[in-house]
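Colleague: model-v5.csv is reproduced below (CSV, C-alpha atoms (C1' of nucleotides)).
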chain,number,residue,atom,x,y,z
A,1,MET,CA,0.0,0.0,0.0
A,2,ASP,CA,1.3,3.4,-0.9
A,3,SER,CA,1.6,5.2,2.4
A,4,THR,CA,0.1,8.4,1.0
A,5,ASP,CA,-3.2,6.6,0.7
A,6,LEU,CA,-3.5,6.3,4.4
A,7,PRO,CA,-6.2,8.4,6.0
A,8,LEU,CA,-3.8,9.2,8.8
A,9,VAL,CA,-1.2,10.6,6.4
A,10,ALA,CA,-3.9,12.6,4.6
A,11,ALA,CA,-5.1,14.1,8.0
A,12,LEU,CA,-1.5,14.8,8.8
A,13,GLY,CA,-1.0,16.6,5.5
A,14,ALA,CA,-4.1,18.7,6.0
A,15,SER,CA,-3.0,19.8,9.5
A,16,ASP,CA,-0.4,22.2,10.7
A,17,TYR,CA,1.8,19.4,11.8
A,18,ARG,CA,4.8,18.5,9.6
A,19,ALA,CA,4.7,15.1,7.9
A,20,THR,CA,8.0,13.8,9.1
A,21,ASP,CA,9.5,10.4,8.6
A,22,ALA,CA,8.9,9.4,12.2
A,23,ARG,CA,5.2,10.3,11.9
A,24,LEU,CA,4.8,8.5,8.6
A,25,THR,CA,6.4,5.5,10.2
A,26,VAL,CA,3.9,5.6,13.1
A,27,ALA,CA,1.0,6.0,10.6
A,28,SER,CA,2.1,3.0,8.6
A,29,LEU,CA,2.5,0.9,11.8
A,30,ILE,CA,-1.0,1.9,12.8
A,31,ALA,CA,-2.3,1.1,9.3
A,32,GLU,CA,-0.8,-2.4,9.6
A,33,ARG,CA,-3.1,-3.2,12.5
A,34,ALA,CA,-6.6,-4.4,11.7
A,35,GLY,CA,-8.1,-3.9,15.1
A,36,HIS,CA,-7.2,-2.1,18.2
A,37,PHE,CA,-3.6,-1.8,19.4
A,38,THR,CA,-1.8,-0.5,22.4
A,39,ALA,CA,1.0,2.0,22.6
A,40,ALA,CA,3.2,-0.9,23.7
A,41,ASP,CA,2.4,-2.8,20.6
A,42,LEU,CA,3.6,0.0,18.4
A,43,VAL,CA,6.8,0.5,20.5
A,44,ALA,CA,7.5,-3.2,20.1
A,45,ALA,CA,6.8,-3.2,16.4
A,46,ALA,CA,8.9,-0.1,15.9
A,47,ARG,CA,11.8,-1.8,17.7
A,48,VAL,CA,11.5,-4.9,15.5
A,49,GLN,CA,11.0,-3.2,12.1
A,50,HIS,CA,12.4,0.4,12.3
A,51,ARG,CA,15.0,0.6,15.0
A,52,GLY,CA,15.2,4.4,15.0
A,53,LEU,CA,11.9,5.4,16.6
A,54,GLY,CA,11.9,6.5,20.2
A,55,ARG,CA,9.2,5.7,22.7
A,56,ALA,CA,8.5,9.3,23.3
A,57,THR,CA,8.1,9.9,19.6
A,58,ILE,CA,5.5,7.2,19.4
A,59,PHE,CA,3.5,8.6,22.3
A,60,ARG,CA,3.8,12.1,20.8
A,61,ALA,CA,2.6,10.8,17.4
A,62,LEU,CA,-0.4,9.0,19.0
A,63,ASP,CA,-1.3,12.1,20.9
A,64,MET,CA,-1.2,14.1,17.7
A,65,PHE,CA,-3.3,11.6,15.7
A,66,ALA,CA,-5.8,11.5,18.5
A,67,GLU,CA,-6.0,15.3,18.4
A,68,LEU,CA,-6.6,15.1,14.7
A,69,GLY,CA,-9.4,12.7,15.4
A,70,VAL,CA,-8.1,9.9,13.2
A,71,ILE,CA,-7.3,7.5,16.0
A,72,GLU,CA,-9.3,7.2,19.2
A,73,ARG,CA,-8.5,6.0,22.7
A,74,LEU,CA,-10.4,2.9,23.9
A,75,ASP,CA,-10.7,1.4,27.4
A,76,LEU,CA,-10.8,-2.4,27.3
A,77,PRO,CA,-12.9,-4.3,29.9
A,78,SER,CA,-9.6,-5.4,31.4
A,79,GLY,CA,-8.8,-1.8,32.2
A,80,ASP,CA,-6.1,-1.5,29.6
A,81,HIS,CA,-5.8,1.4,27.3
A,82,ALA,CA,-5.9,0.8,23.5
A,83,TYR,CA,-6.2,2.8,20.3
A,84,VAL,CA,-8.1,2.3,17.1
A,85,ALA,CA,-7.8,4.1,13.8
A,86,CYS,CA,-11.2,5.5,12.9
A,87,GLU,CA,-13.2,8.1,11.0
A,88,ARG,CA,-13.3,11.7,12.2
A,89,VAL,CA,-17.1,11.8,12.8
A,90,HIS,CA,-18.6,11.0,16.2
A,91,HIS,CA,-19.2,7.3,16.5
A,92,HIS,CA,-18.7,4.3,18.7
A,93,HIS,CA,-16.7,1.1,18.6
A,94,VAL,CA,-17.5,-2.6,18.7
A,95,VAL,CA,-14.5,-4.6,19.7
A,96,CYS,CA,-14.1,-8.4,19.2
A,97,SER,CA,-12.8,-9.7,22.6
A,98,ASN,CA,-11.3,-12.7,20.8
A,99,CYS,CA,-9.3,-11.4,17.8
A,100,GLY,CA,-9.4,-7.7,18.6
A,101,ARG,CA,-11.0,-6.6,15.4
A,102,THR,CA,-13.1,-3.5,15.7
A,103,ALA,CA,-16.0,-2.0,13.8
A,104,ASP,CA,-17.4,1.6,13.9
A,105,VAL,CA,-21.0,2.3,14.4
A,106,ASP,CA,-22.7,5.6,14.3
A,107,ASP,CA,-25.4,6.9,16.7
A,108,ALA,CA,-27.7,3.8,16.3
A,109,GLY,CA,-30.4,5.3,18.5
A,110,LEU,CA,-28.1,6.4,21.3
A,111,ASN,CA,-29.2,10.0,21.1
A,112,ALA,CA,-32.6,8.9,22.3
A,113,VAL,CA,-30.9,7.2,25.2
A,114,THR,CA,-28.9,10.2,26.3
A,115,THR,CA,-32.0,12.4,26.0
A,116,GLU,CA,-33.9,9.9,28.2
A,117,VAL,CA,-31.1,9.8,30.7
A,118,ALA,CA,-30.9,13.6,30.8
A,119,ARG,CA,-34.6,13.7,31.4
A,120,ARG,CA,-34.5,11.2,34.2
A,121,THR,CA,-31.5,12.4,36.1
A,122,GLY,CA,-31.7,16.1,35.4
A,123,PHE,CA,-28.0,16.1,34.2
A,124,ARG,CA,-27.0,18.1,31.2
A,125,ILE,CA,-25.2,15.5,29.1
A,126,ASP,CA,-22.2,16.9,27.2
A,127,THR,CA,-20.3,13.9,26.1
A,128,HIS,CA,-20.7,10.1,26.3
A,129,ARG,CA,-18.7,7.0,25.5
A,130,LEU,CA,-20.2,3.8,24.4
A,131,GLU,CA,-18.0,0.7,23.9
A,132,LEU,CA,-19.4,-2.7,22.9
A,133,PHE,CA,-17.5,-5.9,23.4
A,134,GLY,CA,-18.3,-9.3,21.9
A,135,LEU,CA,-17.4,-11.6,19.1
A,136,CYS,CA,-17.0,-10.6,15.5
A,137,PRO,CA,-18.9,-12.6,12.9
A,138,ASP,CA,-15.9,-14.9,12.2
A,139,CYS,CA,-15.1,-15.6,15.8
A,140,ALA,CA,-18.8,-16.1,16.6
A,141,THR,CA,-19.0,-18.7,13.9
A,142,ASP,CA,-15.9,-20.4,15.2
A,143,ALA,CA,-17.2,-20.4,18.7
A,144,ALA,CA,-20.5,-21.8,17.6
A,145,ALA,CA,-18.8,-24.5,15.6
A,146,ARG,CA,-16.6,-25.5,18.5
A,147,THR,CA,-19.6,-25.6,20.9
A,148,SER,CA,-21.6,-27.9,18.6
A,149,LEU,CA,-18.6,-30.1,18.2
A,150,GLU,CA,-18.2,-30.4,21.9
A,151,GLU,CA,-21.9,-31.1,22.3
A,152,ALA,CA,-21.7,-33.9,19.7
A,153,ARG,CA,-19.0,-35.7,21.7
B,154,MET,CA,-23.6,6.8,60.3
B,155,ASP,CA,-23.3,3.3,61.7
B,156,SER,CA,-20.9,1.5,59.5
B,157,THR,CA,-23.0,-1.7,59.6
B,158,ASP,CA,-25.6,0.3,57.5
B,159,LEU,CA,-23.2,0.6,54.6
B,160,PRO,CA,-24.2,-1.5,51.6
B,161,LEU,CA,-20.5,-2.3,51.1
B,162,VAL,CA,-20.3,-3.8,54.6
B,163,ALA,CA,-23.6,-5.7,54.1
B,164,ALA,CA,-22.2,-7.2,50.9
B,165,LEU,CA,-19.0,-8.0,52.7
B,166,GLY,CA,-20.9,-9.8,55.4
B,167,ALA,CA,-22.9,-11.7,52.8
B,168,SER,CA,-19.8,-12.9,51.1
B,169,ASP,CA,-17.1,-15.4,51.9
B,170,TYR,CA,-14.6,-12.7,52.7
B,171,ARG,CA,-13.9,-11.8,56.3
B,172,ALA,CA,-15.1,-8.4,57.5
B,173,THR,CA,-11.8,-7.2,58.9
B,174,ASP,CA,-10.9,-3.8,60.3
B,175,ALA,CA,-9.0,-2.9,57.2
B,176,ARG,CA,-11.9,-3.7,54.9
B,177,LEU,CA,-14.4,-1.8,57.1
B,178,THR,CA,-12.1,1.2,57.1
B,179,VAL,CA,-11.9,1.1,53.3
B,180,ALA,CA,-15.7,0.7,53.1
B,181,SER,CA,-16.2,3.8,55.3
B,182,LEU,CA,-13.7,5.8,53.3
B,183,ILE,CA,-15.7,4.9,50.1
B,184,ALA,CA,-19.0,5.8,51.8
B,185,GLU,CA,-17.6,9.2,52.7
B,186,ARG,CA,-17.3,10.0,49.0
B,187,ALA,CA,-20.4,11.3,47.2
B,188,GLY,CA,-19.2,10.8,43.7
B,189,HIS,CA,-16.4,8.9,42.0
B,190,PHE,CA,-13.0,8.5,43.5
B,191,THR,CA,-9.6,7.2,42.6
B,192,ALA,CA,-7.5,4.6,44.4
B,193,ALA,CA,-5.0,7.4,45.0
B,194,ASP,CA,-7.8,9.4,46.8
B,195,LEU,CA,-8.4,6.6,49.2
B,196,VAL,CA,-4.7,6.0,49.8
B,197,ALA,CA,-4.3,9.7,50.6
B,198,ALA,CA,-7.4,9.8,52.8
B,199,ALA,CA,-6.2,6.7,54.6
B,200,ARG,CA,-2.9,8.2,55.3
B,201,VAL,CA,-4.5,11.3,56.7
B,202,GLN,CA,-7.2,9.7,58.8
B,203,HIS,CA,-6.1,6.1,59.6
B,204,ARG,CA,-2.4,5.8,59.4
B,205,GLY,CA,-2.2,2.0,59.5
B,206,LEU,CA,-3.6,1.1,56.1
B,207,GLY,CA,-1.2,-0.1,53.5
B,208,ARG,CA,-1.5,0.8,49.8
B,209,ALA,CA,-1.7,-2.9,48.8
B,210,THR,CA,-4.5,-3.4,51.3
B,211,ILE,CA,-6.6,-0.6,49.7
B,212,PHE,CA,-6.0,-2.0,46.2
B,213,ARG,CA,-6.9,-5.5,47.5
B,214,ALA,CA,-10.1,-4.2,49.1
B,215,LEU,CA,-11.1,-2.3,46.0
B,216,ASP,CA,-10.6,-5.4,43.9
B,217,MET,CA,-12.7,-7.3,46.3
B,218,PHE,CA,-15.5,-4.8,46.4
B,219,ALA,CA,-15.5,-4.6,42.6
B,220,GLU,CA,-15.7,-8.4,42.5
B,221,LEU,CA,-18.7,-8.2,44.9
B,222,GLY,CA,-20.2,-5.7,42.5
B,223,VAL,CA,-20.7,-2.9,45.0
B,224,ILE,CA,-18.2,-0.6,43.4
B,225,GLU,CA,-17.5,-0.3,39.8
B,226,ARG,CA,-14.6,0.9,37.8
B,227,LEU,CA,-15.0,3.9,35.6
B,228,ASP,CA,-12.9,5.5,32.9
B,229,LEU,CA,-12.9,9.2,32.9
B,230,PRO,CA,-12.6,11.2,29.6
B,231,SER,CA,-9.1,12.2,30.8
B,232,GLY,CA,-8.1,8.5,30.7
B,233,ASP,CA,-7.9,8.3,34.4
B,234,HIS,CA,-9.4,5.3,36.3
B,235,ALA,CA,-11.9,6.0,39.0
B,236,TYR,CA,-14.4,4.0,41.1
B,237,VAL,CA,-18.0,4.6,42.1
B,238,ALA,CA,-20.0,2.9,44.8
B,239,CYS,CA,-23.2,1.5,43.2
B,240,GLU,CA,-26.0,-1.0,43.1
B,241,ARG,CA,-25.2,-4.6,42.1
B,242,VAL,CA,-27.6,-4.7,39.1
B,243,HIS,CA,-26.4,-3.9,35.6
B,244,HIS,CA,-26.6,-0.1,35.0
B,245,HIS,CA,-24.6,2.9,33.7
B,246,HIS,CA,-23.2,6.0,35.2
B,247,VAL,CA,-23.7,9.7,34.6
B,248,VAL,CA,-20.8,11.6,35.9
B,249,CYS,CA,-20.7,15.4,36.6
B,250,SER,CA,-17.5,16.7,35.0
B,251,ASN,CA,-17.5,19.6,37.4
B,252,CYS,CA,-18.2,18.3,40.9
B,253,GLY,CA,-17.7,14.6,40.2
B,254,ARG,CA,-21.1,13.6,41.5
B,255,THR,CA,-22.5,10.5,39.8
B,256,ALA,CA,-25.9,9.1,39.2
B,257,ASP,CA,-26.9,5.5,38.2
B,258,VAL,CA,-29.2,4.9,35.3
B,259,ASP,CA,-30.6,1.6,34.2
B,260,ASP,CA,-30.9,0.4,30.6
B,261,ALA,CA,-32.9,3.5,29.4
B,262,GLY,CA,-33.3,2.0,25.9
B,263,LEU,CA,-29.8,0.9,25.4
B,264,ASN,CA,-30.8,-2.7,24.8
B,265,ALA,CA,-32.4,-1.6,21.6
B,266,VAL,CA,-29.2,0.1,20.6
B,267,THR,CA,-27.0,-3.0,21.2
B,268,THR,CA,-29.5,-5.1,19.3
B,269,GLU,CA,-29.4,-2.6,16.4
B,270,VAL,CA,-25.6,-2.5,16.5
B,271,ALA,CA,-25.4,-6.3,16.5
B,272,ARG,CA,-27.8,-6.4,13.5
B,273,ARG,CA,-25.7,-3.9,11.5
B,274,THR,CA,-22.3,-5.2,12.3
B,275,GLY,CA,-22.9,-8.9,12.6
B,276,PHE,CA,-21.0,-8.9,16.0
B,277,ARG,CA,-22.4,-10.9,18.9
B,278,ILE,CA,-22.5,-8.3,21.6
B,279,ASP,CA,-21.6,-9.8,25.0
B,280,THR,CA,-20.9,-6.7,27.2
B,281,HIS,CA,-21.0,-3.0,26.8
B,282,ARG,CA,-20.1,0.0,28.7
B,283,LEU,CA,-21.9,3.3,28.6
B,284,GLU,CA,-20.6,6.4,30.4
B,285,LEU,CA,-22.2,9.7,30.2
B,286,PHE,CA,-20.4,13.0,31.2
B,287,GLY,CA,-21.9,16.4,31.7
B,288,LEU,CA,-23.2,18.7,34.5
B,289,CYS,CA,-25.4,17.6,37.4
B,290,PRO,CA,-28.5,19.8,38.0
B,291,ASP,CA,-26.7,22.0,40.6
B,292,CYS,CA,-23.7,22.6,38.5
B,293,ALA,CA,-25.8,23.2,35.4
B,294,THR,CA,-27.8,25.8,37.3
B,295,ASP,CA,-24.6,27.4,38.5
B,296,ALA,CA,-23.2,27.4,35.0
B,297,ALA,CA,-26.3,28.9,33.5
B,298,ALA,CA,-26.4,31.6,36.2
B,299,ARG,CA,-22.8,32.5,35.5
B,300,THR,CA,-23.3,32.7,31.8
B,301,SER,CA,-26.3,35.0,32.1
B,302,LEU,CA,-24.4,37.1,34.5
B,303,GLU,CA,-21.6,37.5,32.0
B,304,GLU,CA,-24.0,38.3,29.2
B,305,ALA,CA,-25.6,41.1,31.4
B,306,ARG,CA,-22.2,42.8,31.7
C,307,DG,C1',26.4,31.0,6.9
C,308,DC,C1',23.3,31.9,10.6
C,309,DC,C1',19.2,31.9,13.2
C,310,DC,C1',14.9,30.0,14.6
C,311,DG,C1',11.3,27.0,15.6
C,312,DG,C1',9.6,22.3,15.2
C,313,DT,C1',10.9,17.8,15.8
C,314,DT,C1',13.8,14.0,17.2
C,315,DG,C1',15.8,9.9,20.2
C,316,DA,C1',17.6,8.7,24.6
C,317,DG,C1',17.1,8.2,28.9
C,318,DA,C1',15.6,9.9,33.5
C,319,DC,C1',11.6,10.3,36.0
C,320,DT,C1',6.8,9.6,38.0
C,321,DC,C1',3.3,7.1,39.7
C,322,DA,C1',-0.5,3.6,39.6
C,323,DG,C1',-0.9,-0.9,40.3
C,324,DT,C1',1.2,-5.6,41.5
C,325,DC,C1',4.0,-8.8,43.8
C,326,DT,C1',6.5,-10.8,47.6
C,327,DC,C1',7.5,-11.6,52.2
C,328,DG,C1',7.3,-12.1,56.9
C,329,DA,C1',4.0,-11.2,60.7
C,330,DC,C1',-0.2,-11.8,62.8
C,331,DA,C1',-4.9,-13.4,64.0
C,332,DA,C1',-8.9,-16.3,63.8
C,333,DG,C1',-10.7,-20.9,63.6
C,334,DC,C1',-10.3,-25.7,64.6
C,335,DG,C1',-9.0,-30.2,66.2
C,336,DC,C1',-6.6,-32.2,69.9
D,337,DG,C1',-3.4,-24.2,76.1
D,338,DC,C1',-1.0,-25.9,71.9
D,339,DG,C1',0.0,-26.4,67.2
D,340,DC,C1',-1.6,-26.2,62.6
D,341,DT,C1',-3.9,-24.0,58.6
D,342,DT,C1',-5.8,-20.3,56.2
D,343,DG,C1',-6.8,-15.7,55.4
D,344,DT,C1',-5.3,-11.3,55.9
D,345,DC,C1',-2.2,-7.6,57.0
D,346,DG,C1',1.5,-3.6,56.1
D,347,DA,C1',5.9,-2.5,54.2
D,348,DG,C1',8.4,-2.1,50.6
D,349,DA,C1',10.4,-3.7,46.3
D,350,DC,C1',9.2,-4.1,41.7
D,351,DT,C1',7.0,-3.2,37.0
D,352,DG,C1',5.6,-0.8,33.2
D,353,DA,C1',2.9,2.9,30.9
D,354,DG,C1',3.2,7.4,30.1
D,355,DT,C1',5.7,12.0,30.7
D,356,DC,C1',9.4,15.2,30.9
D,357,DT,C1',13.8,17.1,29.8
D,358,DC,C1',17.6,17.9,27.1
D,359,DA,C1',20.9,18.2,23.6
D,360,DA,C1',21.1,17.3,18.7
D,361,DC,C1',19.2,17.7,14.2
D,362,DC,C1',16.7,19.6,10.3
D,363,DG,C1',14.5,22.6,7.0
D,364,DG,C1',13.1,27.3,5.8
D,365,DG,C1',13.8,32.1,5.8
D,366,DC,C1',16.9,35.8,5.7
Can the structure from this file be put into structure tokens for me?
Modeller:
Amino acid sequence: MDSTDLPLVAALGASDYRATDARLTVASLIAERAGHFTAADLVAAARVQHRGLGRATIFRALDMFAELGVIERLDLPSGDHAYVACERVHHHHVVCSNCGRTADVDDAGLNAVTTEVARRTGFRIDTHRLELFGLCPDCATDAAARTSLEEAR
Amino acid sequence: MDSTDLPLVAALGASDYRATDARLTVASLIAERAGHFTAADLVAAARVQHRGLGRATIFRALDMFAELGVIERLDLPSGDHAYVACERVHHHHVVCSNCGRTADVDDAGLNAVTTEVARRTGFRIDTHRLELFGLCPDCATDAAARTSLEEAR
DNA sequence: GCCCGGTTGAGACTCAGTCTCGACAAGCGC
DNA sequence: GCGCTTGTCGAGACTGAGTCTCAACCGGGC
């Protein structure tokens, strides 16, 4: 894949930040990952593939991409922090707890929920965060196949 | 307040865990807090009020109460971890980003949202986490008063 | 060539959370 | 009462994610 095709690189180009080698490297590392990833993943991958990339640089790049809205921070049920590459519009994530793959979903009726919550509690809701965890179609199929196999025994 | 009235203490009594002094102290520290609190808050409070309470003990007690379902872990928009005392049934939290007060809300139509998301993405949704942030009625009133005051100038 | 501001990698630092260890206390059989 | 087991304790070492600092580097403008 030509790295200039990456949405992260496009966002970088459209911003006031310079498109340096280090940032392009981080962008391509992120693009290599299908689902969510942790900062530690990137640091490890950078060490293996592109020696010259400091820890601080990766954290700085992640902060910057998060600020540009092209990656988003995620809190896994385990309490760990992770990131996902994503669109810049407001949306939510569904995370496969088996393979880590993620999917974006838009509002999907959540606006009505926040309105209802505001009405019930009297709170003025400014922001919200919805994260959904489960099995992606592939892993769900696998799991179902494995279950029926065990039942057949 | 008689500490035996605390729902945390009741849950502790109903469990297999021993109701030791250290745990009762942690329970009363948690009960003193109206909204969410961090582990560091408790450690600091314990140091000020009840010298003899180790860091590890507080973390262990928090884990235990979380396991009993009487406190719940929360991820603030800042990325910090916090805890809230809460009911044992499944529910969600609304957090005041000004004073930290929290309110519990039940499903409020979210079930429909998860069903819709599952339908659209093909994921099998197992768990989810919804956190809402905004201003509680008091802080919202204050904020509104301050805004109108500034407009009058 | 020189300056300036943005960016870099290295490494020190911080701090939340975990782990380990020896001490202690409650419960229980004898 | 005694000894054993088990659960719990506090202290402090440890770990690892994330931040901060600093000197070096780089490209652009003059």
Colleague: Mind giving me the straight-line distance from C1' of DA349 (chain D) to CA of Leu229 (chain B) in Å, one decimal?
Modeller: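 Interatomic distance here is 29.8 Å.
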Colleague: Write out as JSON, numbers by chain the residues lying within 12 Å of region 321-334 of chain C, counting all atoms listed in the file and excluding same-chain residues fewer than 4 positions away.
Modeller: {"A": [79, 80], "B": [171, 172, 173, 174, 191, 192, 193, 194, 196, 208, 209, 210, 211, 212, 213, 215, 216, 233, 234, 235], "D": [338, 339, 340, 341, 342, 343, 344, 345, 346, 347, 348, 349, 350, 351, 352, 353, 354, 355]}
Colleague: Quick check, in Å to one decimal: how far apart do CA of Tyr83 (chain A) and CA of Ile71 (chain A) lie?
Modeller: 6.5 Å
Colleague: Env of region 132-134 of chain A: 12 Å cut, atoms = only C-alpha atoms (C1' of nucleotides), seq-sep filter 4 positions within chain, self excluded. Answer as a PDB file with C-alpha atoms, in the frame of the given file.
Modeller:
ATOM      1  CA  LEU A  74     -10.400   2.900  23.900  1.00  0.00           C
ATOM      2  CA  ASP A  75     -10.700   1.400  27.400  1.00  0.00           C
ATOM      3  CA  LEU A  76     -10.800  -2.400  27.300  1.00  0.00           C
ATOM      4  CA  PRO A  77     -12.900  -4.300  29.900  1.00  0.00           C
ATOM      5  CA  SER A  78      -9.600  -5.400  31.400  1.00  0.00           C
ATOM      6  CA  HIS A  91     -19.200   7.300  16.500  1.00  0.00           C
ATOM      7  CA  HIS A  92     -18.700   4.300  18.700  1.00  0.00           C
ATOM      8  CA  HIS A  93     -16.700   1.100  18.600  1.00  0.00           C
ATOM      9  CA  VAL A  94     -17.500  -2.600  18.700  1.00  0.00           C
ATOM     10  CA  VAL A  95     -14.500  -4.600  19.700  1.00  0.00           C
ATOM     11  CA  CYS A  96     -14.100  -8.400  19.200  1.00  0.00           C
ATOM     12  CA  SER A  97     -12.800  -9.700  22.600  1.00  0.00           C
ATOM     13  CA  ASN A  98     -11.300 -12.700  20.800  1.00  0.00           C
ATOM     14  CA  CYS A  99      -9.300 -11.400  17.800  1.00  0.00           C
ATOM     15  CA  GLY A 100      -9.400  -7.700  18.600  1.00  0.00           C
ATOM     16  CA  ARG A 101     -11.000  -6.600  15.400  1.00  0.00           C
ATOM     17  CA  THR A 102     -13.100  -3.500  15.700  1.00  0.00           C
ATOM     18  CA  ALA A 103     -16.000  -2.000  13.800  1.00  0.00           C
ATOM     19  CA  ASP A 104     -17.400   1.600  13.900  1.00  0.00           C
ATOM     20  CA  VAL A 105     -21.000   2.300  14.400  1.00  0.00           C
ATOM     21  CA  ASP A 138     -15.900 -14.900  12.200  1.00  0.00           C
ATOM     22  CA  CYS A 139     -15.100 -15.600  15.800  1.00  0.00           C
ATOM     23  CA  ALA A 140     -18.800 -16.100  16.600  1.00  0.00           C
ATOM     24  CA  ALA A 143     -17.200 -20.400  18.700  1.00  0.00           C
TER      25      ALA A 143
ATOM     26  CA  LEU B 263     -29.800   0.900  25.400  1.00  0.00           C
ATOM     27  CA  ASN B 264     -30.800  -2.700  24.800  1.00  0.00           C
ATOM     28  CA  VAL B 266     -29.200   0.100  20.600  1.00  0.00           C
ATOM     29  CA  THR B 267     -27.000  -3.000  21.200  1.00  0.00           C
ATOM     30  CA  THR B 268     -29.500  -5.100  19.300  1.00  0.00           C
ATOM     31  CA  GLU B 269     -29.400  -2.600  16.400  1.00  0.00           C
ATOM     32  CA  VAL B 270     -25.600  -2.500  16.500  1.00  0.00           C
ATOM     33  CA  ALA B 271     -25.400  -6.300  16.500  1.00  0.00           C
ATOM     34  CA  THR B 274     -22.300  -5.200  12.300  1.00  0.00           C
ATOM     35  CA  GLY B 275     -22.900  -8.900  12.600  1.00  0.00           C
ATOM     36  CA  PHE B 276     -21.000  -8.900  16.000  1.00  0.00           C
ATOM     37  CA  ARG B 277     -22.400 -10.900  18.900  1.00  0.00           C
ATOM     38  CA  ILE B 278     -22.500  -8.300  21.600  1.00  0.00           C
ATOM     39  CA  ASP B 279     -21.600  -9.800  25.000  1.00  0.00           C
ATOM     40  CA  THR B 280     -20.900  -6.700  27.200  1.00  0.00           C
ATOM     41  CA  HIS B 281     -21.000  -3.000  26.800  1.00  0.00           C
ATOM     42  CA  ARG B 282     -20.100   0.000  28.700  1.00  0.00           C
ATOM     43  CA  LEU B 283     -21.900   3.300  28.600  1.00  0.00           C
ATOM     44  CA  GLU B 284     -20.600   6.400  30.400  1.00  0.00           C
TER      45      GLU B 284
END
Colleague: Find the residues of chain C in contact range of chain A, meaning any atom within 9 Å when counting all atoms listed in the file, and list them as a PyMOL selection string.
Modeller: chain C and resi 312-316
Colleague: Rounded to one decimal, what separation in Å do you get between CA of Cys86 (chain A) and CA of Ala45 (chain A)?
Modeller: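 A separation of 20.3 Å between them.
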